[in-house]
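Peer 1: Dropping in upload10.pdb, with PDB, C-alpha atoms and all ligand atoms.
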```pdb
ATOM      1  CA  MET A   1     -42.636  21.661  -1.831
ATOM      2  CA  LEU A   2     -40.262  19.456  -3.812
ATOM      3  CA  VAL A   3     -42.233  16.937  -5.880
ATOM      4  CA  ASN A   4     -39.290  15.350  -7.582
ATOM      5  CA  ARG A   5     -36.748  13.858  -5.244
ATOM      6  CA  PRO A   6     -34.320  11.643  -7.208
ATOM      7  CA  ARG A   7     -32.699  10.708  -3.903
ATOM      8  CA  ARG A   8     -35.740   8.498  -3.083
ATOM      9  CA  LEU A   9     -34.328   5.875  -5.419
ATOM     10  CA  ARG A  10     -30.866   6.077  -3.854
ATOM     11  CA  ALA A  11     -31.847   5.440  -0.240
ATOM     12  CA  ASN A  12     -30.303   1.982   0.158
ATOM     13  CA  GLU A  13     -28.600  -0.752  -1.852
ATOM     14  CA  HIS A  14     -31.807  -2.733  -2.407
ATOM     15  CA  ILE A  15     -33.577   0.165  -4.044
ATOM     16  CA  ARG A  16     -30.442   1.215  -5.946
ATOM     17  CA  SER A  17     -30.001  -2.262  -7.369
ATOM     18  CA  LEU A  18     -33.711  -2.425  -8.230
ATOM     19  CA  VAL A  19     -33.415   0.568 -10.541
ATOM     20  CA  ARG A  20     -29.845   0.026 -11.760
ATOM     21  CA  GLU A  21     -29.735   0.213 -15.563
ATOM     22  CA  ALA A  22     -26.429  -1.425 -16.355
ATOM     23  CA  GLN A  23     -24.411  -4.041 -14.588
ATOM     24  CA  VAL A  24     -21.694  -6.468 -15.520
ATOM     25  CA  ASN A  25     -22.685 -10.087 -15.693
ATOM     26  CA  VAL A  26     -20.205 -12.945 -15.891
ATOM     27  CA  ASN A  27     -22.003 -14.087 -19.076
ATOM     28  CA  ASP A  28     -20.841 -10.906 -20.830
ATOM     29  CA  LEU A  29     -17.136 -11.591 -20.416
ATOM     30  CA  ILE A  30     -14.493 -12.962 -22.740
ATOM     31  CA  TYR A  31     -11.099 -13.798 -21.262
ATOM     32  CA  PRO A  32      -7.991 -13.554 -23.486
ATOM     33  CA  ILE A  33      -5.458 -16.396 -23.320
ATOM     34  CA  PHE A  34      -1.913 -16.275 -24.740
ATOM     35  CA  LEU A  35      -0.480 -19.547 -26.017
ATOM     36  CA  VAL A  36       3.195 -20.275 -26.528
ATOM     37  CA  GLU A  37       5.121 -23.196 -28.025
ATOM     38  CA  GLY A  38       6.927 -25.629 -25.762
ATOM     39  CA  ASN A  39       6.045 -27.624 -22.690
ATOM     40  CA  ASN A  40       5.462 -26.992 -19.047
ATOM     41  CA  ILE A  41       5.243 -23.211 -19.418
ATOM     42  CA  LYS A  42       3.066 -20.963 -17.285
ATOM     43  CA  LYS A  43       4.902 -17.685 -17.149
ATOM     44  CA  GLU A  44       3.533 -14.375 -15.971
ATOM     45  CA  ILE A  45       3.521 -11.688 -18.683
ATOM     46  CA  SER A  46       5.370  -8.742 -17.197
ATOM     47  CA  ALA A  47       3.504  -6.189 -19.327
ATOM     48  CA  LEU A  48       0.168  -7.729 -18.249
ATOM     49  CA  PRO A  49       0.483  -8.603 -14.557
ATOM     50  CA  ASN A  50      -1.519 -11.639 -13.470
ATOM     51  CA  ASN A  51      -1.874 -12.886 -17.074
ATOM     52  CA  TYR A  52       0.266 -15.734 -18.347
ATOM     53  CA  HIS A  53       1.883 -17.311 -21.347
ATOM     54  CA  PHE A  54       0.685 -20.912 -21.401
ATOM     55  CA  SER A  55       2.028 -23.855 -23.306
ATOM     56  CA  VAL A  56      -0.839 -26.017 -24.533
ATOM     57  CA  ASP A  57      -0.062 -28.825 -22.072
ATOM     58  CA  MET A  58      -0.561 -26.416 -19.146
ATOM     59  CA  LEU A  59      -4.071 -25.295 -20.035
ATOM     60  CA  LYS A  60      -6.122 -27.719 -17.993
ATOM     61  CA  GLU A  61      -5.924 -26.003 -14.622
ATOM     62  CA  GLU A  62      -6.580 -22.578 -16.134
ATOM     63  CA  ILE A  63      -9.594 -23.757 -18.120
ATOM     64  CA  GLU A  64     -11.033 -25.489 -15.063
ATOM     65  CA  GLU A  65     -10.599 -22.302 -13.052
ATOM     66  CA  LEU A  66     -12.455 -20.295 -15.703
ATOM     67  CA  ILE A  67     -15.323 -22.766 -15.682
ATOM     68  CA  ASP A  68     -15.496 -22.671 -11.875
ATOM     69  CA  LEU A  69     -15.705 -18.898 -12.067
ATOM     70  CA  GLY A  70     -18.605 -19.150 -14.509
ATOM     71  CA  ILE A  71     -16.729 -17.658 -17.467
ATOM     72  CA  LYS A  72     -18.258 -18.851 -20.723
ATOM     73  CA  ALA A  73     -15.842 -17.648 -23.397
ATOM     74  CA  VAL A  74     -12.141 -17.268 -24.105
ATOM     75  CA  MET A  75     -10.265 -15.534 -26.904
ATOM     76  CA  LEU A  76      -7.052 -17.212 -28.046
ATOM     77  CA  PHE A  77      -3.864 -15.516 -29.173
ATOM     78  CA  GLY A  78      -0.839 -17.452 -30.354
ATOM     79  CA  LEU A  79       2.880 -16.792 -30.222
ATOM     80  CA  PRO A  80       4.539 -19.062 -32.801
ATOM     81  CA  ASN A  81       8.203 -20.015 -32.624
ATOM     82  CA  LYS A  82       8.663 -19.459 -36.316
ATOM     83  CA  LYS A  83       7.706 -16.272 -38.152
ATOM     84  CA  ASP A  84       7.950 -15.789 -41.897
ATOM     85  CA  GLU A  85       6.931 -13.452 -44.682
ATOM     86  CA  LEU A  86       3.541 -15.077 -45.191
ATOM     87  CA  GLY A  87       2.774 -15.814 -41.545
ATOM     88  CA  SER A  88       2.460 -19.492 -42.385
ATOM     89  CA  GLU A  89       2.132 -20.603 -38.749
ATOM     90  CA  ALA A  90      -1.134 -18.634 -38.577
ATOM     91  CA  TYR A  91      -2.893 -21.155 -40.815
ATOM     92  CA  ALA A  92      -0.802 -24.259 -40.106
ATOM     93  CA  GLU A  93      -2.909 -27.248 -39.144
ATOM     94  CA  ASP A  94      -0.687 -27.863 -36.135
ATOM     95  CA  GLY A  95      -0.137 -24.167 -35.374
ATOM     96  CA  ILE A  96      -0.137 -22.962 -31.815
ATOM     97  CA  VAL A  97      -3.732 -21.685 -31.795
ATOM     98  CA  GLN A  98      -5.043 -24.733 -33.674
ATOM     99  CA  ARG A  99      -3.470 -27.021 -31.054
ATOM    100  CA  GLY A 100      -4.793 -24.824 -28.278
ATOM    101  CA  ILE A 101      -8.343 -25.028 -29.621
ATOM    102  CA  ARG A 102      -8.187 -28.810 -29.861
ATOM    103  CA  ARG A 103      -6.769 -29.088 -26.336
ATOM    104  CA  ILE A 104      -9.454 -26.857 -24.825
ATOM    105  CA  LYS A 105     -12.182 -28.800 -26.612
ATOM    106  CA  GLU A 106     -10.672 -31.991 -25.135
ATOM    107  CA  ILE A 107     -10.805 -30.486 -21.650
ATOM    108  CA  THR A 108     -14.360 -29.156 -21.976
ATOM    109  CA  LYS A 109     -17.194 -28.655 -24.395
ATOM    110  CA  ASP A 110     -18.609 -26.065 -22.033
ATOM    111  CA  LEU A 111     -16.548 -23.056 -23.056
ATOM    112  CA  LEU A 112     -16.859 -20.950 -26.191
ATOM    113  CA  VAL A 113     -13.549 -20.791 -27.981
ATOM    114  CA  ILE A 114     -13.128 -17.584 -29.967
ATOM    115  CA  THR A 115      -9.947 -16.924 -31.907
ATOM    116  CA  ASP A 116      -8.238 -13.686 -32.835
ATOM    117  CA  VAL A 117      -7.569 -13.907 -36.557
ATOM    118  CA  CYS A 118      -4.589 -11.812 -37.586
ATOM    119  CA  MET A 119      -1.185 -12.132 -39.222
ATOM    120  CA  CYS A 120       0.867  -9.784 -37.036
ATOM    121  CA  GLN A 121       2.112 -12.339 -34.495
ATOM    122  CA  TYR A 122       3.069 -14.663 -37.354
ATOM    123  CA  THR A 123       4.752 -12.455 -39.943
ATOM    124  CA  ASP A 124       8.454 -11.647 -39.609
ATOM    125  CA  HIS A 125       7.671  -7.986 -40.417
ATOM    126  CA  GLY A 126       4.934  -7.820 -37.767
ATOM    127  CA  HIS A 127       2.220  -6.324 -39.982
ATOM    128  CA  CYS A 128      -1.351  -7.599 -39.972
ATOM    129  CA  GLY A 129      -1.266  -8.563 -43.643
ATOM    130  CA  ILE A 130       1.066  -9.628 -46.430
ATOM    131  CA  ILE A 131       3.692  -7.200 -47.726
ATOM    132  CA  LYS A 132       4.144  -6.583 -51.441
ATOM    133  CA  ASP A 133       6.427  -3.857 -52.779
ATOM    134  CA  GLY A 134       6.948  -2.513 -49.277
ATOM    135  CA  HIS A 135       3.227  -2.091 -48.517
ATOM    136  CA  VAL A 136       0.525  -4.181 -46.898
ATOM    137  CA  ASP A 137      -1.349  -5.617 -49.872
ATOM    138  CA  ASN A 138      -5.017  -5.693 -48.987
ATOM    139  CA  ASP A 139      -6.452  -8.220 -51.419
ATOM    140  CA  LEU A 140      -3.534 -10.594 -51.202
ATOM    141  CA  SER A 141      -3.847 -10.534 -47.398
ATOM    142  CA  LEU A 142      -7.493 -11.615 -47.570
ATOM    143  CA  GLU A 143      -6.531 -15.054 -48.841
ATOM    144  CA  TYR A 144      -4.182 -15.664 -45.890
ATOM    145  CA  ILE A 145      -6.533 -14.192 -43.319
ATOM    146  CA  SER A 146      -9.481 -16.280 -44.488
ATOM    147  CA  ARG A 147      -7.253 -19.359 -44.642
ATOM    148  CA  THR A 148      -6.334 -18.703 -41.004
ATOM    149  CA  ALA A 149      -9.981 -18.388 -40.000
ATOM    150  CA  LEU A 150     -10.808 -21.641 -41.785
ATOM    151  CA  SER A 151      -7.974 -23.478 -40.023
ATOM    152  CA  HIS A 152      -9.341 -22.269 -36.669
ATOM    153  CA  ALA A 153     -12.824 -23.492 -37.578
ATOM    154  CA  LYS A 154     -11.419 -26.864 -38.654
ATOM    155  CA  ALA A 155      -9.639 -27.160 -35.298
ATOM    156  CA  GLY A 156     -12.956 -26.588 -33.521
ATOM    157  CA  ALA A 157     -13.269 -22.841 -32.857
ATOM    158  CA  ASP A 158     -16.806 -21.619 -32.188
ATOM    159  CA  MET A 159     -16.257 -18.086 -33.417
ATOM    160  CA  VAL A 160     -13.524 -16.210 -35.281
ATOM    161  CA  ALA A 161     -12.584 -12.596 -34.656
ATOM    162  CA  PRO A 162     -10.653 -10.887 -37.461
ATOM    163  CA  SER A 163      -8.552  -8.038 -36.058
ATOM    164  CA  ASP A 164      -6.478  -7.095 -39.100
ATOM    165  CA  MET A 165      -8.674  -4.241 -40.454
ATOM    166  CA  MET A 166      -8.142  -5.163 -44.110
ATOM    167  CA  ASP A 167     -10.994  -4.118 -46.389
ATOM    168  CA  GLY A 168     -13.317  -6.977 -47.244
ATOM    169  CA  ARG A 169     -11.966  -9.458 -44.719
ATOM    170  CA  VAL A 170     -15.299 -10.304 -43.150
ATOM    171  CA  GLY A 171     -16.777 -11.170 -46.542
ATOM    172  CA  ALA A 172     -13.696 -13.186 -47.511
ATOM    173  CA  ILE A 173     -13.832 -15.147 -44.250
ATOM    174  CA  ARG A 174     -17.594 -15.707 -44.484
ATOM    175  CA  LYS A 175     -17.219 -17.064 -48.001
ATOM    176  CA  LYS A 176     -14.301 -19.313 -47.087
ATOM    177  CA  LEU A 177     -16.118 -20.713 -44.048
ATOM    178  CA  ASP A 178     -19.365 -21.260 -45.963
ATOM    179  CA  ASN A 179     -17.635 -22.959 -48.885
ATOM    180  CA  ASN A 180     -16.106 -25.424 -46.451
ATOM    181  CA  GLY A 181     -19.212 -26.332 -44.490
ATOM    182  CA  PHE A 182     -18.668 -23.949 -41.569
ATOM    183  CA  GLU A 183     -21.708 -21.751 -42.145
ATOM    184  CA  ASN A 184     -22.557 -21.988 -38.437
ATOM    185  CA  ILE A 185     -19.289 -20.511 -37.213
ATOM    186  CA  ALA A 186     -19.902 -16.911 -36.159
ATOM    187  CA  ILE A 187     -17.744 -13.907 -36.983
ATOM    188  CA  MET A 188     -17.021 -11.228 -34.403
ATOM    189  CA  ALA A 189     -15.540  -8.368 -36.424
ATOM    190  CA  TYR A 190     -13.137  -5.886 -34.915
ATOM    191  CA  SER A 191     -15.162  -3.293 -36.849
ATOM    192  CA  ALA A 192     -13.827  -0.092 -35.340
ATOM    193  CA  LYS A 193     -10.291  -0.909 -34.383
ATOM    194  CA  TYR A 194      -8.350   2.276 -33.768
ATOM    195  CA  SER A 195      -4.637   2.718 -34.300
ATOM    196  CA  SER A 196      -4.169   2.973 -30.569
ATOM    197  CA  ALA A 197      -1.230   3.523 -28.268
ATOM    198  CA  PHE A 198      -3.146   1.465 -25.706
ATOM    199  CA  TYR A 199      -2.045  -1.782 -27.412
ATOM    200  CA  GLY A 200       1.501  -1.366 -26.116
ATOM    201  CA  PRO A 201       1.501  -4.049 -23.411
ATOM    202  CA  PHE A 202      -0.225  -6.514 -25.758
ATOM    203  CA  ARG A 203       2.454  -6.070 -28.400
ATOM    204  CA  ALA A 204       5.106  -6.753 -25.768
ATOM    205  CA  ALA A 205       3.112  -9.806 -24.613
ATOM    206  CA  ALA A 206       2.466 -11.105 -28.128
ATOM    207  CA  ASN A 207       5.764 -10.037 -29.682
ATOM    208  CA  SER A 208       3.870  -8.359 -32.533
ATOM    209  CA  THR A 209       5.299  -4.858 -32.877
ATOM    210  CA  PRO A 210       5.683  -3.953 -36.579
ATOM    211  CA  GLN A 211       9.330  -4.024 -37.668
ATOM    212  CA  PHE A 212       8.868  -0.958 -39.897
ATOM    213  CA  GLY A 213       6.219   1.720 -40.147
ATOM    214  CA  ASP A 214       3.040   1.516 -38.103
ATOM    215  CA  ARG A 215      -0.530   0.294 -38.451
ATOM    216  CA  ARG A 216      -2.130   3.567 -39.484
ATOM    217  CA  THR A 217      -2.781   2.516 -43.076
ATOM    218  CA  TYR A 218      -5.243  -0.101 -41.850
ATOM    219  CA  GLN A 219      -6.283   0.703 -38.265
ATOM    220  CA  MET A 220      -8.532   3.724 -37.766
ATOM    221  CA  ASP A 221      -7.593   7.305 -37.006
ATOM    222  CA  TRP A 222      -8.376   8.468 -33.445
ATOM    223  CA  GLY A 223     -10.385  11.450 -34.645
ATOM    224  CA  ASN A 224     -12.998   9.541 -36.610
ATOM    225  CA  SER A 225     -16.467   8.483 -35.612
ATOM    226  CA  ASP A 226     -18.591   8.519 -38.822
ATOM    227  CA  GLU A 227     -15.972   6.264 -40.348
ATOM    228  CA  ALA A 228     -16.612   3.740 -37.572
ATOM    229  CA  ILE A 229     -20.256   3.611 -38.633
ATOM    230  CA  ARG A 230     -19.232   2.999 -42.240
ATOM    231  CA  GLU A 231     -16.875   0.206 -41.146
ATOM    232  CA  ALA A 232     -19.563  -1.492 -39.063
ATOM    233  CA  LYS A 233     -22.073  -1.237 -41.925
ATOM    234  CA  LEU A 234     -19.599  -2.901 -44.268
ATOM    235  CA  ASP A 235     -18.887  -5.672 -41.774
ATOM    236  CA  ILE A 236     -22.576  -6.343 -41.204
ATOM    237  CA  THR A 237     -23.218  -6.390 -44.954
ATOM    238  CA  GLU A 238     -20.342  -8.819 -45.382
ATOM    239  CA  GLY A 239     -21.735 -11.156 -42.728
ATOM    240  CA  ALA A 240     -20.461 -10.120 -39.283
ATOM    241  CA  ASP A 241     -22.539 -11.511 -36.405
ATOM    242  CA  VAL A 242     -21.009  -9.332 -33.693
ATOM    243  CA  ILE A 243     -19.373  -5.918 -34.157
ATOM    244  CA  MET A 244     -16.582  -4.694 -31.927
ATOM    245  CA  VAL A 245     -15.142  -1.403 -30.759
ATOM    246  CA  LYS A 246     -11.514  -1.365 -29.675
ATOM    247  CA  PRO A 247     -10.148   0.066 -27.426
ATOM    248  CA  ALA A 248     -13.072   0.695 -25.083
ATOM    249  CA  LEU A 249     -12.350   3.598 -22.762
ATOM    250  CA  SER A 250     -11.319   6.298 -25.209
ATOM    251  CA  TYR A 251     -14.055   5.179 -27.610
ATOM    252  CA  MET A 252     -17.175   5.024 -25.442
ATOM    253  CA  ASP A 253     -18.921   7.371 -27.873
ATOM    254  CA  ILE A 254     -18.358   4.835 -30.655
ATOM    255  CA  ILE A 255     -19.827   2.047 -28.517
ATOM    256  CA  ARG A 256     -22.903   4.215 -27.983
ATOM    257  CA  ARG A 257     -23.190   5.080 -31.671
ATOM    258  CA  PHE A 258     -22.995   1.396 -32.577
ATOM    259  CA  LYS A 259     -25.701   0.628 -30.038
ATOM    260  CA  ASP A 260     -27.971   3.367 -31.382
ATOM    261  CA  ASN A 261     -27.323   2.580 -35.046
ATOM    262  CA  PHE A 262     -27.238  -1.202 -35.251
ATOM    263  CA  ASN A 263     -29.399  -3.921 -33.788
ATOM    264  CA  TYR A 264     -26.438  -6.213 -33.439
ATOM    265  CA  PRO A 265     -24.530  -7.547 -30.447
ATOM    266  CA  ILE A 266     -21.744  -5.130 -29.613
ATOM    267  CA  ALA A 267     -18.434  -6.134 -28.115
ATOM    268  CA  ALA A 268     -15.942  -3.765 -26.517
ATOM    269  CA  TYR A 269     -12.289  -4.664 -26.051
ATOM    270  CA  ASN A 270     -10.942  -3.317 -22.772
ATOM    271  CA  VAL A 271      -7.386  -3.480 -24.088
ATOM    272  CA  SER A 272      -4.006  -4.158 -22.565
ATOM    273  CA  GLY A 273      -3.005  -0.519 -21.950
ATOM    274  CA  GLU A 274      -6.283   0.128 -20.177
ATOM    275  CA  TYR A 275      -5.613  -2.885 -17.993
ATOM    276  CA  SER A 276      -1.987  -2.115 -17.237
ATOM    277  CA  MET A 277      -2.714   1.511 -16.313
ATOM    278  CA  ILE A 278      -5.132   0.404 -13.628
ATOM    279  CA  LYS A 279      -2.754  -2.282 -12.408
ATOM    280  CA  ALA A 280       0.036   0.276 -12.104
ATOM    281  CA  ALA A 281      -2.170   2.855 -10.387
ATOM    282  CA  SER A 282      -3.535   0.369  -7.882
ATOM    283  CA  LYS A 283      -0.082  -1.031  -7.186
ATOM    284  CA  ALA A 284       1.046   2.507  -6.404
ATOM    285  CA  GLY A 285      -1.851   2.805  -3.972
ATOM    286  CA  LEU A 286      -3.516   5.536  -6.032
ATOM    287  CA  VAL A 287      -6.868   3.821  -6.658
ATOM    288  CA  ASP A 288      -8.941   1.010  -5.198
ATOM    289  CA  GLU A 289      -8.582  -1.630  -7.917
ATOM    290  CA  LYS A 290     -11.832  -3.493  -7.315
ATOM    291  CA  ALA A 291     -13.854  -0.285  -7.231
ATOM    292  CA  VAL A 292     -12.343   1.293 -10.344
ATOM    293  CA  VAL A 293     -12.486  -1.919 -12.357
ATOM    294  CA  THR A 294     -16.135  -2.425 -11.470
ATOM    295  CA  GLU A 295     -16.896   1.199 -12.296
ATOM    296  CA  ILE A 296     -15.077   1.031 -15.637
ATOM    297  CA  LEU A 297     -16.609  -2.244 -16.781
ATOM    298  CA  THR A 298     -20.071  -1.078 -15.721
ATOM    299  CA  SER A 299     -19.578   2.105 -17.709
ATOM    300  CA  ILE A 300     -18.573   0.098 -20.787
ATOM    301  CA  LYS A 301     -21.877  -1.759 -20.477
ATOM    302  CA  ARG A 302     -23.780   1.461 -19.877
ATOM    303  CA  ALA A 303     -22.200   2.904 -23.037
ATOM    304  CA  GLY A 304     -23.878   0.063 -24.927
ATOM    305  CA  ALA A 305     -21.591  -2.963 -25.009
ATOM    306  CA  ASP A 306     -23.199  -6.387 -24.682
ATOM    307  CA  ILE A 307     -19.879  -8.195 -24.517
ATOM    308  CA  ILE A 308     -16.612  -7.160 -22.858
ATOM    309  CA  ILE A 309     -13.263  -8.690 -23.697
ATOM    310  CA  THR A 310     -11.084  -8.035 -20.678
ATOM    311  CA  TYR A 311      -7.978  -9.192 -18.832
ATOM    312  CA  PHE A 312      -9.978  -8.475 -15.661
ATOM    313  CA  ALA A 313     -12.534 -11.209 -16.483
ATOM    314  CA  LYS A 314     -11.383 -13.593 -13.756
ATOM    315  CA  ASP A 315     -11.225 -10.839 -11.134
ATOM    316  CA  ILE A 316     -14.678  -9.531 -11.865
ATOM    317  CA  ALA A 317     -16.124 -13.058 -11.995
ATOM    318  CA  ARG A 318     -14.619 -13.696  -8.565
ATOM    319  CA  TRP A 319     -16.007 -10.462  -7.140
ATOM    320  CA  ILE A 320     -19.459 -11.299  -8.496
ATOM    321  CA  LEU A 321     -19.278 -14.744  -6.861
ATOM    322  CA  GLU A 322     -18.136 -13.258  -3.539
ATOM    323  CA  LYS A 323     -21.081 -10.890  -3.557
TER
HETATM  324  C1  LIG B 401      -3.731  -8.226 -33.353
HETATM  325  C2  LIG B 401      -4.294  -7.676 -32.101
HETATM  326  C3  LIG B 401      -3.838  -6.612 -31.295
HETATM  327  C4  LIG B 401      -4.681  -6.584 -30.173
HETATM  328  C5  LIG B 401      -5.630  -7.584 -30.345
HETATM  329  N1  LIG B 401      -5.387  -8.220 -31.556
HETATM  330  C6  LIG B 401      -2.645  -5.738 -31.424
HETATM  331  C7  LIG B 401      -2.550  -4.718 -32.474
HETATM  332  O1  LIG B 401      -3.416  -4.560 -33.341
HETATM  333  O2  LIG B 401      -1.517  -4.066 -32.481
HETATM  334  C8  LIG B 401      -4.552  -5.653 -28.995
HETATM  335  C9  LIG B 401      -5.151  -6.147 -27.724
HETATM  336  C10 LIG B 401      -4.761  -5.399 -26.512
HETATM  337  O3  LIG B 401      -4.046  -4.375 -26.552
HETATM  338  O4  LIG B 401      -5.192  -5.836 -25.439
HETATM  339  N2  LIG B 401      -3.797  -7.390 -34.455
END
```
Once more with this new file: its structure as structure tokens, please.
Peer 2:
Amino acid sequence: MLVNRPRRLRANEHIRSLVREAQVNVNDLIYPIFLVEGNNIKKEISALPNNYHFSVDMLKEEIEELIDLGIKAVMLFGLPNKKDELGSEAYAEDGIVQRGIRRIKEITKDLLVITDVCMCQYTDHGHCGIIKDGHVDNDLSLEYISRTALSHAKAGADMVAPSDMMDGRVGAIRKKLDNNGFENIAIMAYSAKYSSAFYGPFRAAANSTPQFGDRRTYQMDWGNSDEAIREAKLDITEGADVIMVKPALSYMDIIRRFKDNFNYPIAAYNVSGEYSMIKAASKAGLVDEKAVVTEILTSIKRAGADIIITYFAKDIARWILEK
């Protein structure tokens, strides 16, 4: 006689959903938005099908759609017209992201506005910090990165997300925000950001490929996992409110280690390459897009993520509504 029959709990959808451990909720999602200079622009990004470059004046319809879908948070990326050595458009009061934040806050107060804080879209050399003597200078970069975060907070951002991977940037940002009366603005740290080939479509979309060298002196090596724990510990000590793993799919073990090691909200960034691969495979008729996306995002939650940043946010929100 078989006493244990695991199939009892798989008999029908009601019982399966009763015992399901992980599922994606629309409240978990952050949708990335790419802002460009100019007017009247809503242009599909070829590297990221079904995602668009928006000029600030074209945001209203998109923001209203997100709210209708129940999405609660966006992450802003900016593509400035002018790049220079110091990435000055990153912290300009009327920079592209700063104007985007103000516009979204005009449209609604009912959406969390999170900003990616980095220099790479804004520097003419395309690195995530400031170059001195041919190298990214860590401590010099901190001043510009924290200045950028402060300018986002001043424009009305609810949360800032430093993605540069300089040492000490969370502490520098926390101090800068606190000294300027923004102690309630949260920091979501890209704590374990790997030097990944999966960022390819993003760099095409954001025009942020480094002009020389690569990002391996600041982003993490693929082979490391203990180092991710050390990075997250540093970020938490320096004042991070949320810790992130990026990319998601090749780093599920890191998500799980974060979950087991830290009692902090964990975000996972389902990055551009992960998105575009699925888009290409489903376009070729190789996979059922809705099924694989749901499976992947559910598995990111099961791995331990509380928050998922994904270009699929609108699709999954729609599928949840339809259900
Ligand atoms: C900026 C930044 C990158 C991504 C998010 N912020 C690119 C990079 O580090 O090269 C990648 C996001 C994606 O691939 O979806 N530093």
Peer 1: Of the residues A:Ile130, A:Ala90, A:Ile71, A:Met119, which is the one nearest to ligand LIG 401 (chain B), using all atoms listed in the file?
Peer 2: A:Met119
Peer 1: Check which residues fall inside 9 Å of ligand LIG 401 (chain B) when counting all atoms listed in the file, and print them as a ChimeraX atom specification.
Peer 2: /A:32,77,116-121,127-128,161-165,190,193-203,206,208-210,215,219,246-247,269-275,309-311
Peer 1: Since I can't run it myself right now, could you work out what the PyMOL selection byres (((chain A and resi 228) around 12) and not hetatm) selects here and report it as a PyMOL selection string?
Peer 2: chain A and resi 165+190-194+219-227+229-235+243-246+251+253-258+261-262
Peer 1: By how many Å are CA of Ser276 in chain A and CA of Leu48 in chain A apart?
Peer 2: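 These atoms are spaced 6.1 Å apart.
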Peer 1: Written as number ranges by chain, what is the full residue list that the PyMOL selection byres (((chain A and resi 172-181) around 12) and not hetatm) yields on the file shown?
Peer 2: A: 117-118, 138-154, 157-162, 166-171, 182-189, 235-241
Peer 1: Once the PyMOL selection byres (((chain A and resi 102) around 12) and not hetatm) has been evaluated on this model, what residues remain selected, and can you format them as an NGL selection string?
Peer 2: :A and (56-57 or 59 or 76 or 93-101 or 103-109 or 113 or 151-158)
Peer 1: Kindly save the residues from that selection, with C-alpha atoms included, as a PDB file, keeping the file's coordinate frame.
Peer 2:
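Everything below was put into again23.pdb:
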```pdb
ATOM      1  CA  VAL A  56      -0.839 -26.017 -24.533  1.00  0.00           C
ATOM      2  CA  ASP A  57      -0.062 -28.825 -22.072  1.00  0.00           C
ATOM      3  CA  LEU A  59      -4.071 -25.295 -20.035  1.00  0.00           C
ATOM      4  CA  LEU A  76      -7.052 -17.212 -28.046  1.00  0.00           C
ATOM      5  CA  GLU A  93      -2.909 -27.248 -39.144  1.00  0.00           C
ATOM      6  CA  ASP A  94      -0.687 -27.863 -36.135  1.00  0.00           C
ATOM      7  CA  GLY A  95      -0.137 -24.167 -35.374  1.00  0.00           C
ATOM      8  CA  ILE A  96      -0.137 -22.962 -31.815  1.00  0.00           C
ATOM      9  CA  VAL A  97      -3.732 -21.685 -31.795  1.00  0.00           C
ATOM     10  CA  GLN A  98      -5.043 -24.733 -33.674  1.00  0.00           C
ATOM     11  CA  ARG A  99      -3.470 -27.021 -31.054  1.00  0.00           C
ATOM     12  CA  GLY A 100      -4.793 -24.824 -28.278  1.00  0.00           C
ATOM     13  CA  ILE A 101      -8.343 -25.028 -29.621  1.00  0.00           C
ATOM     14  CA  ARG A 103      -6.769 -29.088 -26.336  1.00  0.00           C
ATOM     15  CA  ILE A 104      -9.454 -26.857 -24.825  1.00  0.00           C
ATOM     16  CA  LYS A 105     -12.182 -28.800 -26.612  1.00  0.00           C
ATOM     17  CA  GLU A 106     -10.672 -31.991 -25.135  1.00  0.00           C
ATOM     18  CA  ILE A 107     -10.805 -30.486 -21.650  1.00  0.00           C
ATOM     19  CA  THR A 108     -14.360 -29.156 -21.976  1.00  0.00           C
ATOM     20  CA  LYS A 109     -17.194 -28.655 -24.395  1.00  0.00           C
ATOM     21  CA  VAL A 113     -13.549 -20.791 -27.981  1.00  0.00           C
ATOM     22  CA  SER A 151      -7.974 -23.478 -40.023  1.00  0.00           C
ATOM     23  CA  HIS A 152      -9.341 -22.269 -36.669  1.00  0.00           C
ATOM     24  CA  ALA A 153     -12.824 -23.492 -37.578  1.00  0.00           C
ATOM     25  CA  LYS A 154     -11.419 -26.864 -38.654  1.00  0.00           C
ATOM     26  CA  ALA A 155      -9.639 -27.160 -35.298  1.00  0.00           C
ATOM     27  CA  GLY A 156     -12.956 -26.588 -33.521  1.00  0.00           C
ATOM     28  CA  ALA A 157     -13.269 -22.841 -32.857  1.00  0.00           C
ATOM     29  CA  ASP A 158     -16.806 -21.619 -32.188  1.00  0.00           C
TER      30      ASP A 158
END
```
Peer 1: Calculate how many Å separate CA of Gly78 in chain A from CA of Ile33 in chain A, rounding to one decimal.
Peer 2: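 Computing the Euclidean distance for CA of Gly78 in chain A and CA of Ile33 in chain A yields 8.5 Å.
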